[in-house]
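S.K.: Following this line is start-v9.txt, made up of compact mmCIF, C-alpha atoms and all ligand atoms:
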# COMPACT_ATOMS: atom_id res chain seq x y z
CA MET K 1079 0.00 0.00 0.00
CA ARG K 1080 1.28 3.41 -0.96
CA ILE K 1081 -0.50 6.75 -0.79
CA GLY K 1082 0.36 9.64 -3.10
CA ILE K 1083 0.07 13.24 -1.99
CA LEU K 1084 -0.14 15.91 -4.66
CA ALA K 1085 2.87 18.08 -3.85
CA LEU K 1086 2.59 21.07 -6.18
CA GLN K 1087 1.58 23.61 -3.51
CA GLY K 1088 -0.14 23.65 -0.13
CA ASP K 1089 0.04 21.55 3.02
CA PHE K 1090 1.05 18.19 1.50
CA GLN K 1091 3.75 17.66 4.14
CA GLU K 1092 1.16 17.57 6.94
CA HIS K 1093 -0.81 14.83 5.15
CA ALA K 1094 2.41 12.87 4.62
CA THR K 1095 3.14 13.06 8.36
CA CYS K 1096 -0.31 11.64 9.18
CA PHE K 1097 0.11 8.61 6.89
CA THR K 1098 3.68 8.05 8.13
CA LYS K 1099 2.29 7.91 11.70
CA LEU K 1100 -0.04 5.17 10.43
CA ASP K 1101 2.98 3.29 9.03
CA ILE K 1102 1.92 3.89 5.43
CA SER K 1103 4.43 4.68 2.68
CA VAL K 1104 3.93 8.00 0.98
CA THR K 1105 5.02 9.39 -2.38
CA GLU K 1106 4.94 13.09 -3.24
CA ILE K 1107 3.21 13.42 -6.61
CA ARG K 1108 4.60 15.96 -9.08
CA SER K 1109 4.21 14.25 -12.44
CA ALA K 1110 1.81 11.89 -14.21
CA ALA K 1111 4.32 9.02 -13.97
CA ASP K 1112 4.24 9.25 -10.16
CA LEU K 1113 0.56 8.21 -10.24
CA GLU K 1114 1.45 4.72 -11.49
CA ILE K 1115 2.85 3.48 -8.18
CA ILE K 1116 0.14 4.58 -5.74
CA ASP K 1117 -3.11 3.11 -4.39
CA GLY K 1118 -4.78 6.41 -3.50
CA LEU K 1119 -4.21 10.14 -4.02
CA VAL K 1120 -4.67 13.07 -1.65
CA ILE K 1121 -5.13 16.57 -3.03
CA PRO K 1122 -4.28 18.89 -0.12
CA GLY K 1123 -5.37 22.34 0.99
CA GLY K 1124 -3.58 25.40 -0.26
CA GLU K 1125 -4.49 27.92 -2.93
CA SER K 1126 -6.80 26.34 -5.45
CA THR K 1127 -6.04 28.68 -8.38
CA THR K 1128 -2.30 28.07 -7.97
CA ILE K 1129 -2.73 24.29 -7.70
CA ALA K 1130 -5.07 24.30 -10.75
CA LYS K 1131 -2.48 26.18 -12.82
CA LEU K 1132 0.30 23.76 -11.82
CA LEU K 1133 -1.97 20.75 -12.44
CA ASN K 1134 -2.55 21.97 -15.94
CA GLU K 1135 1.08 22.78 -16.69
CA SER K 1136 2.32 19.39 -15.39
CA GLY K 1137 -0.25 17.39 -17.39
CA LEU K 1138 -1.40 15.91 -14.08
CA ASN K 1139 -4.92 17.25 -14.53
CA ASP K 1140 -5.90 14.81 -17.31
CA SER K 1141 -4.01 11.89 -15.76
CA ILE K 1142 -5.82 12.32 -12.43
CA VAL K 1143 -9.20 12.37 -14.20
CA LYS K 1144 -8.25 9.12 -16.00
CA LYS K 1145 -7.15 7.46 -12.73
CA SER K 1146 -10.38 8.55 -11.08
CA ASP K 1147 -12.39 6.96 -13.92
CA LEU K 1148 -10.43 3.74 -13.34
CA GLY K 1149 -11.50 3.78 -9.68
CA MET K 1150 -8.45 5.16 -7.88
CA PRO K 1151 -9.48 6.56 -4.48
CA ILE K 1152 -8.94 10.32 -4.41
CA TRP K 1153 -9.40 12.59 -1.37
CA GLY K 1154 -9.57 16.39 -1.70
CA THR K 1155 -9.28 18.58 1.40
CA CYS K 1156 -10.24 22.27 1.31
CA ALA K 1157 -8.56 23.64 -1.87
CA GLY K 1158 -8.42 19.97 -2.95
CA LEU K 1159 -12.19 19.74 -2.45
CA ILE K 1160 -12.64 22.76 -4.74
CA LEU K 1161 -10.54 21.08 -7.42
CA ILE K 1162 -12.46 17.78 -7.40
CA SER K 1163 -15.92 19.44 -7.49
CA LYS K 1164 -18.09 19.12 -10.58
CA GLU K 1165 -19.36 22.69 -10.26
CA LEU K 1166 -18.08 25.86 -8.65
CA SER K 1167 -20.04 29.07 -7.91
CA GLU K 1168 -17.06 31.13 -9.04
CA SER K 1169 -15.60 31.21 -12.54
CA ASP K 1170 -12.11 30.32 -11.33
CA PRO K 1171 -10.31 27.93 -10.99
CA PRO K 1172 -11.26 25.26 -13.55
CA THR K 1173 -12.06 22.03 -11.66
CA MET K 1174 -11.59 18.33 -12.45
CA GLY K 1175 -15.25 17.41 -11.86
CA LEU K 1176 -14.65 14.13 -10.00
CA ILE K 1177 -17.55 14.38 -7.54
CA ASP K 1178 -21.08 15.62 -8.22
CA ILE K 1179 -21.21 18.57 -5.84
CA LYS K 1180 -21.44 22.33 -6.20
CA THR K 1181 -18.89 24.20 -4.13
CA SER K 1182 -18.37 27.84 -3.25
CA ARG K 1183 -14.92 29.18 -2.36
CA ASN K 1184 -14.32 31.08 0.91
CA TYR K 1185 -17.91 30.25 1.80
CA TYR K 1186 -17.60 30.88 5.53
CA GLY K 1187 -16.76 34.57 5.08
CA ARG K 1188 -13.82 36.79 5.84
CA GLN K 1189 -14.50 37.63 9.49
CA ILE K 1190 -14.48 33.95 10.39
CA ASP K 1191 -11.77 32.93 7.94
CA SER K 1192 -10.60 30.24 10.35
CA PHE K 1193 -12.48 28.39 13.06
CA VAL K 1194 -12.67 25.04 14.80
CA GLU K 1195 -15.83 23.00 15.26
CA ASN K 1196 -16.52 19.61 16.78
CA ILE K 1197 -18.11 17.46 14.10
CA TYR K 1198 -19.27 13.85 13.86
CA PHE K 1199 -17.77 11.96 10.92
CA ALA K 1200 -19.52 8.92 9.41
CA SER K 1201 -21.95 8.48 12.36
CA GLU K 1202 -19.12 8.21 14.91
CA THR K 1203 -20.07 9.23 18.44
CA VAL K 1204 -16.66 10.66 19.38
CA PRO K 1205 -16.39 14.21 18.01
CA PHE K 1206 -13.68 15.17 15.53
CA GLU K 1207 -12.07 18.60 15.87
CA ALA K 1208 -12.51 20.07 12.39
CA ILE K 1209 -10.28 23.01 11.46
CA PHE K 1210 -11.67 25.32 8.77
CA ILE K 1211 -9.30 27.78 7.06
CA ARG K 1212 -10.89 30.03 4.43
CA ALA K 1213 -12.91 26.94 3.73
CA PRO K 1214 -15.13 26.20 0.75
CA GLY K 1215 -18.81 25.38 1.31
CA ILE K 1216 -20.56 22.42 -0.29
CA ILE K 1217 -23.76 24.12 -1.38
CA GLU K 1218 -25.29 21.23 -3.34
CA THR K 1219 -24.85 17.45 -3.37
CA ARG K 1220 -26.32 15.48 -6.26
CA GLY K 1221 -26.77 11.97 -7.61
CA ASN K 1222 -24.97 9.28 -5.60
CA VAL K 1223 -23.09 11.64 -3.32
CA VAL K 1224 -23.29 10.62 0.35
CA THR K 1225 -22.89 13.20 3.10
CA LEU K 1226 -20.57 11.85 5.82
CA ALA K 1227 -20.63 14.91 8.08
CA LYS K 1228 -22.38 18.26 8.40
CA SER K 1229 -21.38 21.41 10.22
CA ARG K 1230 -23.47 22.99 12.98
CA ASN K 1231 -25.33 25.07 10.37
CA LYS K 1232 -26.28 21.84 8.54
CA ILE K 1233 -23.98 22.39 5.56
CA PRO K 1234 -22.27 19.19 4.29
CA ILE K 1235 -18.54 19.26 5.10
CA ALA K 1236 -17.53 15.66 4.28
CA VAL K 1237 -18.88 13.89 1.21
CA ARG K 1238 -18.22 10.73 -0.74
CA GLU K 1239 -19.17 9.44 -4.17
CA ASP K 1240 -17.78 5.95 -4.81
CA ASN K 1241 -13.97 6.30 -4.95
CA ILE K 1242 -13.96 10.04 -4.27
CA LEU K 1243 -13.83 11.62 -0.80
CA GLY K 1244 -14.02 15.35 -0.06
CA THR K 1245 -13.69 17.36 3.16
CA SER K 1246 -13.94 21.14 3.40
CA PHE K 1247 -11.81 21.17 6.59
CA HIS K 1248 -8.24 20.07 7.37
CA PRO K 1249 -7.95 16.67 9.15
CA GLU K 1250 -4.18 16.74 8.53
CA LEU K 1251 -3.78 19.61 11.02
CA THR K 1252 -4.95 17.59 14.04
CA ASP K 1253 -3.49 14.55 15.78
CA ASP K 1254 -6.75 12.68 15.19
CA LEU K 1255 -6.04 10.24 12.35
CA ARG K 1256 -9.54 8.75 11.93
CA ILE K 1257 -10.29 10.36 8.58
CA HIS K 1258 -6.88 9.33 7.22
CA GLU K 1259 -7.72 5.80 8.39
CA TYR K 1260 -11.09 6.02 6.64
CA PHE K 1261 -9.36 6.96 3.38
CA LEU K 1262 -6.91 4.09 3.87
CA THR K 1263 -9.81 1.62 3.99
CA MET K 1264 -10.98 3.03 0.62
CA ALA K 1265 -7.46 2.58 -0.78
CA GLU K 1266 -7.16 -0.93 0.68
CA ASP K 1267 -10.50 -2.00 -0.86
CA SER K 1268 -9.44 -0.68 -4.26
CA HIS K 1269 -5.99 -2.34 -3.92
CA LYS K 1270 -7.64 -5.71 -3.14
CA LYS K 1271 -10.02 -5.38 -6.10
CA LEU K 1272 -7.09 -4.73 -8.45
CA GLU K 1273 -5.14 -7.71 -7.03
CA ASN K 1274 -8.18 -9.96 -7.59
CA LEU K 1275 -8.50 -8.76 -11.16
CA LYS K 1276 -4.82 -9.58 -11.76
CA GLU K 1277 -5.29 -13.11 -10.36
CA ASN K 1278 -8.40 -13.91 -12.41
N1 LIG K 1301 -9.73 29.48 0.08
C1 LIG K 1301 -8.72 28.69 -0.55
C2 LIG K 1301 -8.95 28.60 -2.06
O1 LIG K 1301 -9.94 29.04 -2.55
C3 LIG K 1301 -8.67 27.29 0.05
C4 LIG K 1301 -8.19 27.37 1.47
C5 LIG K 1301 -7.53 26.13 2.00
O2 LIG K 1301 -7.20 25.18 1.28
N2 LIG K 1301 -7.28 26.15 3.28
O3 LIG K 1301 -8.12 28.10 -2.76
Turn this file's structure into structure tokens for me.
Ligand code: GLN

M.R.:
Amino acid sequence: MRIGILALQGDFQEHATCFTKLDISVTEIRSAADLEIIDGLVIPGGESTTIAKLLNESGLNDSIVKKSDLGMPIWGTCAGLILISKELSESDPPTMGLIDIKTSRNYYGRQIDSFVENIYFASETVPFEAIFIRAPGIIETRGNVVTLAKSRNKIPIAVREDNILGTSFHPELTDDLRIHEYFLTMAEDSHKKLENLKEN
């Protein structure tokens, strides 16, 4: 098992630290070839217009869409969530459209650019301390998208559609590794499926 973290801009190092704590090998992804050796990809928080520009220039944009179509688990956090959304309220940046949600950048407003809220992820009873930093809002979920957590104001903040996971907050900035573990189960399931296909 190996997890790739898109390392073009943003807080990829923090995600890498979380997976390392879970004894999982990590590869920093900077080119399309890097995608060939991983079982799951994390697109971190940062500045979505900058990441979108670098995704385009590196050719990674199209390769990630292809991998997603083939079932590779992909998790976008914050700016990463913006980039995987099918629709965005704003005209910029262009997104990869991997999950059928409509997202709005900097949704939670300037005066509360950053805040922390206890949330409940995937029906767990122990709260998770969710850190929001100039976070996007998920203003619409469509089709087969499942909401895994909502904020106090009832807005979805963690969503999943098949192999795609999105969170508008930053689990990599806490010591609580439960959401990283959740993504690992997605990657493990996909890894097993691929191994079975190879055997048959
Ligand atoms: N507001 C940023 C953007 O639009 C995302 C912030 C983040 O990733 N923490 O790109």

S.K.: Could you list, as a PyMOL selection string, all protein and nucleic acid residues with an atom at most 7 Å from ligand LIG 1301 (chain K), counting only C-alpha atoms and all ligand atoms?

M.R.: chain K and resi 1123-1127+1155-1158+1183-1184+1211-1214

S.K.: Could you tell me, as a list in words, which residues have any atom at most 8 Å from (-21.1, 8.7, -10.4), counting only C-alpha atoms?

M.R.: Ile1177, Asp1178, Gly1221, Asn1222, Val1223, Glu1239 and Asp1240 of chain K

S.K.: Box for segment 1171-1181 of chain K - axis-aligned, 4 Å on each of the six sides, all listed atoms - centre and size in Å to one decimal, as AutoDock Vina command-line options.

M.R.:
--center_x -15.9 --center_y 21.0 --center_z -8.8 --size_x 19.1 --size_y 21.8 --size_z 17.4

S.K.: Could you produce a table of the residues of segment 1186-1259 of chain K lying within 10 Å of segment 1106-1120 of chain K, with the nearest pair of atoms per residue and their separation in Å rounded to one decimal, using all atoms listed in the file, ordered by chain and increasing residue number, as JSON lines?

M.R.:
{"residue": "K:Asn1241", "atom": "CA", "partner": "K:Gly1118", "partner_atom": "CA", "distance": 9.3}
{"residue": "K:Ile1242", "atom": "CA", "partner": "K:Leu1119", "partner_atom": "CA", "distance": 9.8}
{"residue": "K:Leu1243", "atom": "CA", "partner": "K:Val1120", "partner_atom": "CA", "distance": 9.3}
{"residue": "K:Gly1244", "atom": "CA", "partner": "K:Val1120", "partner_atom": "CA", "distance": 9.8}
{"residue": "K:His1258", "atom": "CA", "partner": "K:Val1120", "partner_atom": "CA", "distance": 9.9}

S.K.: State, in Å with one decimal place, the distance from atom CA of His1093 of chain K to atom CA of Leu1166 of chain K.

M.R.: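 These two atoms are separated by 24.7 Å.
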
S.K.: Which of these, K:Cys1096, K:Val1237, K:Leu1148, K:Leu1086, has the shortest distance to Thr1225 of chain K once you count all atoms listed in the file?

M.R.: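 Nearest candidate to Thr1225 of chain K out of K:Cys1096, K:Val1237, K:Leu1148, K:Leu1086: K:Val1237.
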
S.K.: Please report the interatomic distance between atom CA of Glu1273 of chain K and atom CA of Gly1082 of chain K in Å with one decimal.

M.R.: 18.6 Å

S.K.: When distances are computed from all atoms listed in the file, which of K:Pro1249, K:Pro1234, K:Gly1088, K:Gly1215 shows the smallest separation from Tyr1185 of chain K?

M.R.: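 Ranking K:Pro1249, K:Pro1234, K:Gly1088, K:Gly1215 by distance to Tyr1185 of chain K, first place goes to K:Gly1215.
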